[in-house]
Structure formats: structure tokens, C-alpha cells
>>> print(open('coords.cif').read())   # mmCIF, C-alpha atoms
data_target
#
loop_
_atom_site.group_PDB
_atom_site.id
_atom_site.type_symbol
_atom_site.label_atom_id
_atom_site.label_comp_id
_atom_site.auth_asym_id
_atom_site.auth_seq_id
_atom_site.Cartn_x
_atom_site.Cartn_y
_atom_site.Cartn_z
ATOM 1 C CA MET A 1 0.000 0.000 0.000
ATOM 2 C CA ALA A 2 1.058 3.623 -0.438
ATOM 3 C CA TRP A 3 0.307 6.061 2.370
ATOM 4 C CA PRO A 4 -2.051 8.908 1.349
ATOM 5 C CA THR A 5 -0.840 12.471 1.991
ATOM 6 C CA ARG A 6 -1.752 14.718 -0.969
ATOM 7 C CA PRO A 7 -3.555 17.790 0.362
ATOM 8 C CA ASP A 8 -5.115 18.516 -3.040
ATOM 9 C CA ASN A 9 -6.573 15.023 -3.276
ATOM 10 C CA TRP A 10 -7.334 13.959 0.305
ATOM 11 C CA ARG A 11 -9.491 16.122 2.545
ATOM 12 C CA GLU A 12 -8.559 17.180 6.066
ATOM 13 C CA ALA A 13 -4.813 16.691 5.531
ATOM 14 C CA ALA A 14 -5.531 13.083 4.490
ATOM 15 C CA GLY A 15 -6.551 12.142 8.050
ATOM 16 C CA PRO A 16 -9.761 10.275 7.110
ATOM 17 C CA ALA A 17 -7.979 8.477 4.245
ATOM 18 C CA GLN A 18 -5.086 7.500 6.507
ATOM 19 C CA ARG A 19 -7.466 6.056 9.085
ATOM 20 C CA ALA A 20 -9.254 4.091 6.354
ATOM 21 C CA PHE A 21 -5.953 2.801 4.932
ATOM 22 C CA ALA A 22 -4.860 1.763 8.447
ATOM 23 C CA ARG A 23 -8.092 -0.211 8.906
ATOM 24 C CA VAL A 24 -7.611 -1.948 5.553
ATOM 25 C CA ALA A 25 -3.996 -2.775 6.441
ATOM 26 C CA ALA A 26 -5.108 -4.222 9.797
ATOM 27 C CA VAL A 27 -7.646 -6.510 8.137
ATOM 28 C CA ILE A 28 -5.191 -7.688 5.478
ATOM 29 C CA GLY A 29 -2.559 -8.145 8.180
ATOM 30 C CA ARG A 30 -4.650 -10.861 9.821
ATOM 31 C CA SER A 31 -3.676 -13.240 7.023
ATOM 32 C CA GLU A 32 -0.915 -11.594 4.940
ATOM 33 C CA PRO A 33 2.148 -9.487 5.670
ATOM 34 C CA VAL A 34 1.537 -5.824 4.898
ATOM 35 C CA THR A 35 4.084 -3.331 3.611
ATOM 36 C CA VAL A 36 3.245 0.340 3.205
ATOM 37 C CA THR A 37 5.343 2.974 1.471
ATOM 38 C CA ALA A 38 5.336 6.489 2.877
ATOM 39 C CA ALA A 39 7.210 9.690 2.172
ATOM 40 C CA PRO A 40 10.279 9.855 4.429
ATOM 41 C CA GLU A 41 8.751 12.701 6.452
ATOM 42 C CA ALA A 42 5.534 10.679 6.986
ATOM 43 C CA VAL A 43 7.087 7.355 8.036
ATOM 44 C CA GLY A 44 6.798 8.005 11.784
ATOM 45 C CA ASP A 45 3.138 9.037 11.631
ATOM 46 C CA ALA A 46 2.298 6.170 9.280
ATOM 47 C CA GLN A 47 4.015 3.613 11.517
ATOM 48 C CA ALA A 48 2.200 4.982 14.577
ATOM 49 C CA MET A 49 -1.181 4.637 12.873
ATOM 50 C CA LEU A 50 -0.433 1.276 11.240
ATOM 51 C CA GLY A 51 1.120 -0.428 14.247
ATOM 52 C CA PRO A 52 4.195 -2.616 14.702
ATOM 53 C CA ASP A 53 2.989 -5.511 12.537
ATOM 54 C CA VAL A 54 3.063 -3.405 9.359
ATOM 55 C CA THR A 55 6.351 -2.711 7.609
ATOM 56 C CA VAL A 56 6.680 0.919 6.525
ATOM 57 C CA LEU A 57 9.216 1.782 3.840
ATOM 58 C CA ALA A 58 10.476 5.314 3.239
ATOM 59 C CA VAL A 59 9.502 5.689 -0.424
ATOM 60 C CA ALA A 60 7.829 8.877 -1.614
ATOM 61 C CA SER A 61 4.948 8.805 -4.080
ATOM 62 C CA ASN A 62 2.808 11.347 -5.876
ATOM 63 C CA ASP A 63 -0.447 9.648 -4.841
ATOM 64 C CA ALA A 64 -1.629 6.530 -3.050
ATOM 65 C CA TRP A 65 -2.882 4.034 -5.642
ATOM 66 C CA MET A 66 -0.388 1.188 -5.270
ATOM 67 C CA ARG A 67 -2.490 -1.092 -7.467
ATOM 68 C CA ASP A 68 -1.741 1.237 -10.383
ATOM 69 C CA ILE A 69 1.798 2.395 -9.546
ATOM 70 C CA GLY A 70 3.326 -0.670 -7.910
ATOM 71 C CA PRO A 71 4.773 -3.710 -9.633
ATOM 72 C CA THR A 72 2.658 -6.520 -11.002
ATOM 73 C CA ILE A 73 4.152 -9.583 -9.339
ATOM 74 C CA VAL A 74 4.435 -12.630 -11.578
ATOM 75 C CA VAL A 75 5.568 -16.113 -10.571
ATOM 76 C CA ASP A 76 7.340 -18.563 -12.860
ATOM 77 C CA ASP A 77 6.973 -22.353 -12.923
ATOM 78 C CA HIS A 78 9.629 -22.656 -10.199
ATOM 79 C CA GLY A 79 7.904 -20.254 -7.801
ATOM 80 C CA GLU A 80 10.364 -17.423 -8.513
ATOM 81 C CA GLN A 81 8.769 -13.983 -8.162
ATOM 82 C CA ARG A 82 9.498 -11.055 -10.441
ATOM 83 C CA GLY A 83 8.001 -7.602 -10.675
ATOM 84 C CA VAL A 84 6.729 -6.023 -13.859
ATOM 85 C CA ASP A 85 7.374 -2.279 -13.778
ATOM 86 C CA TRP A 86 4.880 -0.695 -16.170
ATOM 87 C CA GLU A 87 5.372 2.881 -17.323
ATOM 88 C CA PHE A 88 2.958 5.109 -15.399
ATOM 89 C CA ASN A 89 1.762 8.532 -16.608
ATOM 90 C CA ALA A 90 -0.879 9.563 -14.042
ATOM 91 C CA TRP A 91 -3.721 8.139 -16.149
ATOM 92 C CA GLY A 92 -3.018 10.192 -19.238
ATOM 93 C CA GLY A 93 0.259 12.085 -19.156
ATOM 94 C CA GLU A 94 0.468 15.526 -20.706
ATOM 95 C CA ARG A 95 -2.878 15.010 -22.485
ATOM 96 C CA GLY A 96 -5.255 14.230 -19.674
ATOM 97 C CA GLY A 97 -3.230 13.007 -16.707
ATOM 98 C CA LEU A 98 -4.672 13.694 -13.279
ATOM 99 C CA TYR A 99 -1.571 15.486 -11.992
ATOM 100 C CA ALA A 100 1.415 17.184 -13.580
ATOM 101 C CA ASP A 101 4.301 15.400 -11.883
ATOM 102 C CA TRP A 102 4.133 11.606 -11.700
ATOM 103 C CA ARG A 103 7.857 10.804 -11.536
ATOM 104 C CA ARG A 104 7.664 9.357 -8.014
ATOM 105 C CA ASP A 105 4.721 7.154 -8.958
ATOM 106 C CA ASP A 106 6.509 5.954 -12.095
ATOM 107 C CA ALA A 107 9.517 5.027 -9.920
ATOM 108 C CA MET A 108 7.421 3.173 -7.306
ATOM 109 C CA ALA A 109 7.502 -0.295 -8.875
ATOM 110 C CA ALA A 110 11.298 -0.232 -9.050
ATOM 111 C CA ALA A 111 11.534 0.892 -5.414
ATOM 112 C CA VAL A 112 9.156 -1.838 -4.227
ATOM 113 C CA CYS A 113 10.974 -4.546 -6.178
ATOM 114 C CA SER A 114 14.281 -3.369 -4.729
ATOM 115 C CA ALA A 115 12.888 -3.347 -1.188
ATOM 116 C CA LEU A 116 11.464 -6.852 -1.647
ATOM 117 C CA GLY A 117 14.682 -8.092 -3.240
ATOM 118 C CA ILE A 118 12.994 -9.379 -6.380
ATOM 119 C CA ALA A 119 14.011 -9.037 -10.021
ATOM 120 C CA ARG A 120 12.263 -6.343 -12.043
ATOM 121 C CA TYR A 121 11.331 -6.015 -15.699
ATOM 122 C CA ARG A 122 10.653 -2.509 -17.043
ATOM 123 C CA ALA A 123 7.884 -2.734 -19.622
ATOM 124 C CA PRO A 124 8.271 -0.305 -22.545
ATOM 125 C CA PHE A 125 4.684 0.912 -22.596
ATOM 126 C CA VAL A 126 2.138 2.689 -20.374
ATOM 127 C CA LEU A 127 -0.124 0.576 -18.229
ATOM 128 C CA GLU A 128 -1.488 1.117 -14.758
ATOM 129 C CA GLY A 129 -1.788 -2.122 -12.793
ATOM 130 C CA GLY A 130 -5.501 -1.696 -12.205
ATOM 131 C CA SER A 131 -6.162 -1.802 -15.938
ATOM 132 C CA ILE A 132 -5.400 -5.511 -16.150
ATOM 133 C CA HIS A 133 -6.928 -8.403 -14.261
ATOM 134 C CA SER A 134 -5.682 -11.979 -14.193
ATOM 135 C CA ASP A 135 -7.340 -15.209 -13.207
ATOM 136 C CA GLY A 136 -3.931 -16.626 -12.256
ATOM 137 C CA GLU A 137 -4.474 -19.397 -14.786
ATOM 138 C CA GLY A 138 -3.100 -17.662 -17.890
ATOM 139 C CA THR A 139 -5.906 -15.273 -18.826
ATOM 140 C CA LEU A 140 -5.820 -11.473 -18.698
ATOM 141 C CA LEU A 141 -8.852 -9.212 -18.886
ATOM 142 C CA VAL A 142 -8.077 -5.710 -20.247
ATOM 143 C CA THR A 143 -9.946 -2.770 -21.773
ATOM 144 C CA GLU A 144 -9.463 -1.036 -25.091
ATOM 145 C CA GLU A 145 -10.593 2.214 -23.460
ATOM 146 C CA CYS A 146 -7.509 2.247 -21.277
ATOM 147 C CA LEU A 147 -4.713 0.438 -23.107
ATOM 148 C CA LEU A 148 -5.575 1.788 -26.560
ATOM 149 C CA HIS A 149 -6.375 5.311 -25.369
ATOM 150 C CA PRO A 150 -4.350 7.908 -27.304
ATOM 151 C CA ASN A 151 -2.904 9.268 -24.035
ATOM 152 C CA ARG A 152 -1.385 5.883 -23.144
ATOM 153 C CA ASN A 153 0.239 4.068 -26.068
ATOM 154 C CA PRO A 154 -0.529 5.931 -29.313
ATOM 155 C CA SER A 155 2.301 4.264 -31.231
ATOM 156 C CA MET A 156 1.275 0.693 -30.341
ATOM 157 C CA SER A 157 -1.416 -1.405 -31.965
ATOM 158 C CA ARG A 158 -3.721 -3.780 -30.158
ATOM 159 C CA PRO A 159 -1.747 -6.834 -31.427
ATOM 160 C CA GLU A 160 1.545 -5.252 -30.289
ATOM 161 C CA ILE A 161 0.160 -4.561 -26.808
ATOM 162 C CA GLU A 162 -1.236 -8.075 -26.618
ATOM 163 C CA VAL A 163 2.140 -9.618 -27.523
ATOM 164 C CA ALA A 164 3.846 -7.447 -24.895
ATOM 165 C CA LEU A 165 1.252 -8.346 -22.242
ATOM 166 C CA ARG A 166 1.758 -12.044 -22.908
ATOM 167 C CA GLY A 167 5.516 -11.650 -22.753
ATOM 168 C CA PHE A 168 5.622 -9.700 -19.498
ATOM 169 C CA THR A 169 2.918 -11.637 -17.640
ATOM 170 C CA GLY A 170 3.259 -15.135 -19.085
ATOM 171 C CA SER A 171 -0.429 -15.084 -19.973
ATOM 172 C CA GLU A 172 -1.728 -17.164 -22.836
ATOM 173 C CA THR A 173 -5.060 -15.453 -23.446
ATOM 174 C CA VAL A 174 -5.934 -11.746 -23.470
ATOM 175 C CA ILE A 175 -9.619 -10.869 -23.414
ATOM 176 C CA TRP A 176 -10.383 -7.320 -24.520
ATOM 177 C CA LEU A 177 -13.412 -5.391 -23.289
ATOM 178 C CA GLY A 178 -14.341 -2.180 -25.063
ATOM 179 C CA LEU A 179 -15.013 0.031 -22.078
ATOM 180 C CA GLY A 180 -13.963 0.102 -18.444
ATOM 181 C CA VAL A 181 -15.624 1.880 -15.535
ATOM 182 C CA VAL A 182 -18.325 4.346 -16.637
ATOM 183 C CA ASP A 183 -17.446 8.041 -16.212
ATOM 184 C CA ASP A 184 -14.120 7.169 -14.573
ATOM 185 C CA GLU A 185 -11.584 10.000 -14.476
ATOM 186 C CA THR A 186 -8.794 7.565 -15.383
ATOM 187 C CA ASP A 187 -10.245 6.681 -18.800
ATOM 188 C CA GLY A 188 -11.610 3.326 -17.791
#
>>> encode(input="coords.cif", output="C-alpha cells")
Amino acid sequence: MAWPTRPDNWREAAGPAQRAFARVAAVIGRSEPVTVTAAPEAVGDAQAMLGPDVTVLAVASNDAWMRDIGPTIVVDDHGEQRGVDWEFNAWGGERGGLYADWRRDDAMAAAVCSALGIARYRAPFVLEGGSIHSDGEGTLLVTEECLLHPNRNPSMSRPEIEVALRGFTGSETVIWLGLGVVDDETDG
């Protein structure tokens, strides 16, 4: 998870969001280890709210959507984990992104992989992690609205993206939906 702090995105100095994130971390922590990234100046406050069972890493971000900015963890036939580091452009880059500076978010997957001590592959195209879904059995579900949007990968065709997705995730089948979430500010 990434600790929320943006004053322009989270009301009341992110206090309500931080409390909600801490509750989510506590529930997940009942069955899985939880690691949270936080800006170096927020590590102490985050650790105090999250408690001693949550690992807090000093890694700054631009926002708090780890599903989109963190690595996609893949596992090979031998159980070896690797992280796919997709290019991230704040859901649209210069032509529609939700914030102007996304460098920290684009660097998040590399920082997480390094902290976890796992190998990382940098994918040469834009994809936020929440725009793909896997059944863990070799099938990916993706949307044209997101992956083929002109503010993501204008120089790549659907077949080129599909080949790259298969290569980076080990998936055999890619199912394309036309649209994603209705009226979503991240283009589906």
C-alpha cells in the first residue's frame, strides 16, 4: 500500500484516508504481511497509525494508488517472483493526466521490487496495474478504453500490446473489453 498524503486530493490533511488505509492494512494483516510505502517525512506518523505488525518503507509517491503504480508480481513455474514495472503517466500524461508530476509514482515499482529483493522487468509501454486483471491461470482481462487510449500508447497497436502483455505476464489469453468503468476519471 502507499500512504495517502496529498492535500489537493485527500481532505482534512488526508486524516480520514489515513485512518481508512490503516483499517484496511489491519484486516489484510490478519492473514498476509503488509508493507506500506510512505514519504520519508511521513514514516513516523504512518508507523504509529499502522502499528508494529506493518512494515513501513520510506519511499515517496505522488499519490496513493499502489495497485496502479506498484509492480505486477508474476511467478514462474519454479515459484520465482518477479516484478513487472509498467510505465505510469498519471492516467493520461500531458494530455489528460490527473496530476502534472508523476515521476515518483513511475519510480514506485522499481523501489518496491528493490525493497522486496525481487528481479524487475521494465515494460516499454504505459499501463497502470488496475487496468489488467488476471485469473492466475493464464488469462488477462483488459480494456481497449484504457490500453488503446491515445494518451497511453498511441504508437502501439492492439496486437503489439497483446504480444507485450503475454511476454511480461506469461499469460496465454488476453480478453479485450471495449469500455472500463463508466465516467471514470482515469479513462476506464
>>> residues_around(input="coords.cif", residues="region 106-120 of chain A", least_positions_apart="4", cutoff="10 Å", atoms="all atoms listed in the file", output="number ranges by chain")
A: 2, 35-37, 57-62, 66, 68-73, 80-90, 101-102, 126, 128
>>> atom_distance(input="coords.cif", atom1="CA of Arg6 (chain A)", atom2="CA of Gly97 (chain A)")
15.9 Å
>>> resolve_selection(input="coords.cif", expression="the PyMOL selection byres ((chain A and resi 170) around 9)", output="short mmCIF file (atom, residue, chain, number, x, y, z; two decimals) with C-alpha atoms, in the coordinates of the input")
data_model
loop_
_atom_site.label_atom_id
_atom_site.label_comp_id
_atom_site.auth_asym_id
_atom_site.auth_seq_id
_atom_site.Cartn_x
_atom_site.Cartn_y
_atom_site.Cartn_z
CA VAL A 74 4.43 -12.63 -11.58
CA VAL A 75 5.57 -16.11 -10.57
CA ASP A 76 7.34 -18.56 -12.86
CA GLY A 138 -3.10 -17.66 -17.89
CA LEU A 165 1.25 -8.35 -22.24
CA ARG A 166 1.76 -12.04 -22.91
CA GLY A 167 5.52 -11.65 -22.75
CA PHE A 168 5.62 -9.70 -19.50
CA THR A 169 2.92 -11.64 -17.64
CA SER A 171 -0.43 -15.08 -19.97
CA GLU A 172 -1.73 -17.16 -22.84
#
>>> atom_distance(input="coords.cif", atom1="CA of Pro150 (chain A)", atom2="CA of Glu94 (chain A)")
11.2 Å
>>> residues_around(input="coords.cif", residues="region 151-160 of chain A", least_positions_apart="4", cutoff="8 Å", atoms="only C-alpha atoms", output="ChimeraX atom specification")
/A:89,91-96,125-127,146-147,164
>>> residues_around(input="coords.cif", residues="Gly51 (chain A)", least_positions_apart="4", cutoff="10 Å", atoms="only C-alpha atoms", output="list of chain:residue names")
A:Ala22, A:Ala25, A:Ala26, A:Ala46, A:Gln47, A:Thr55, A:Val56
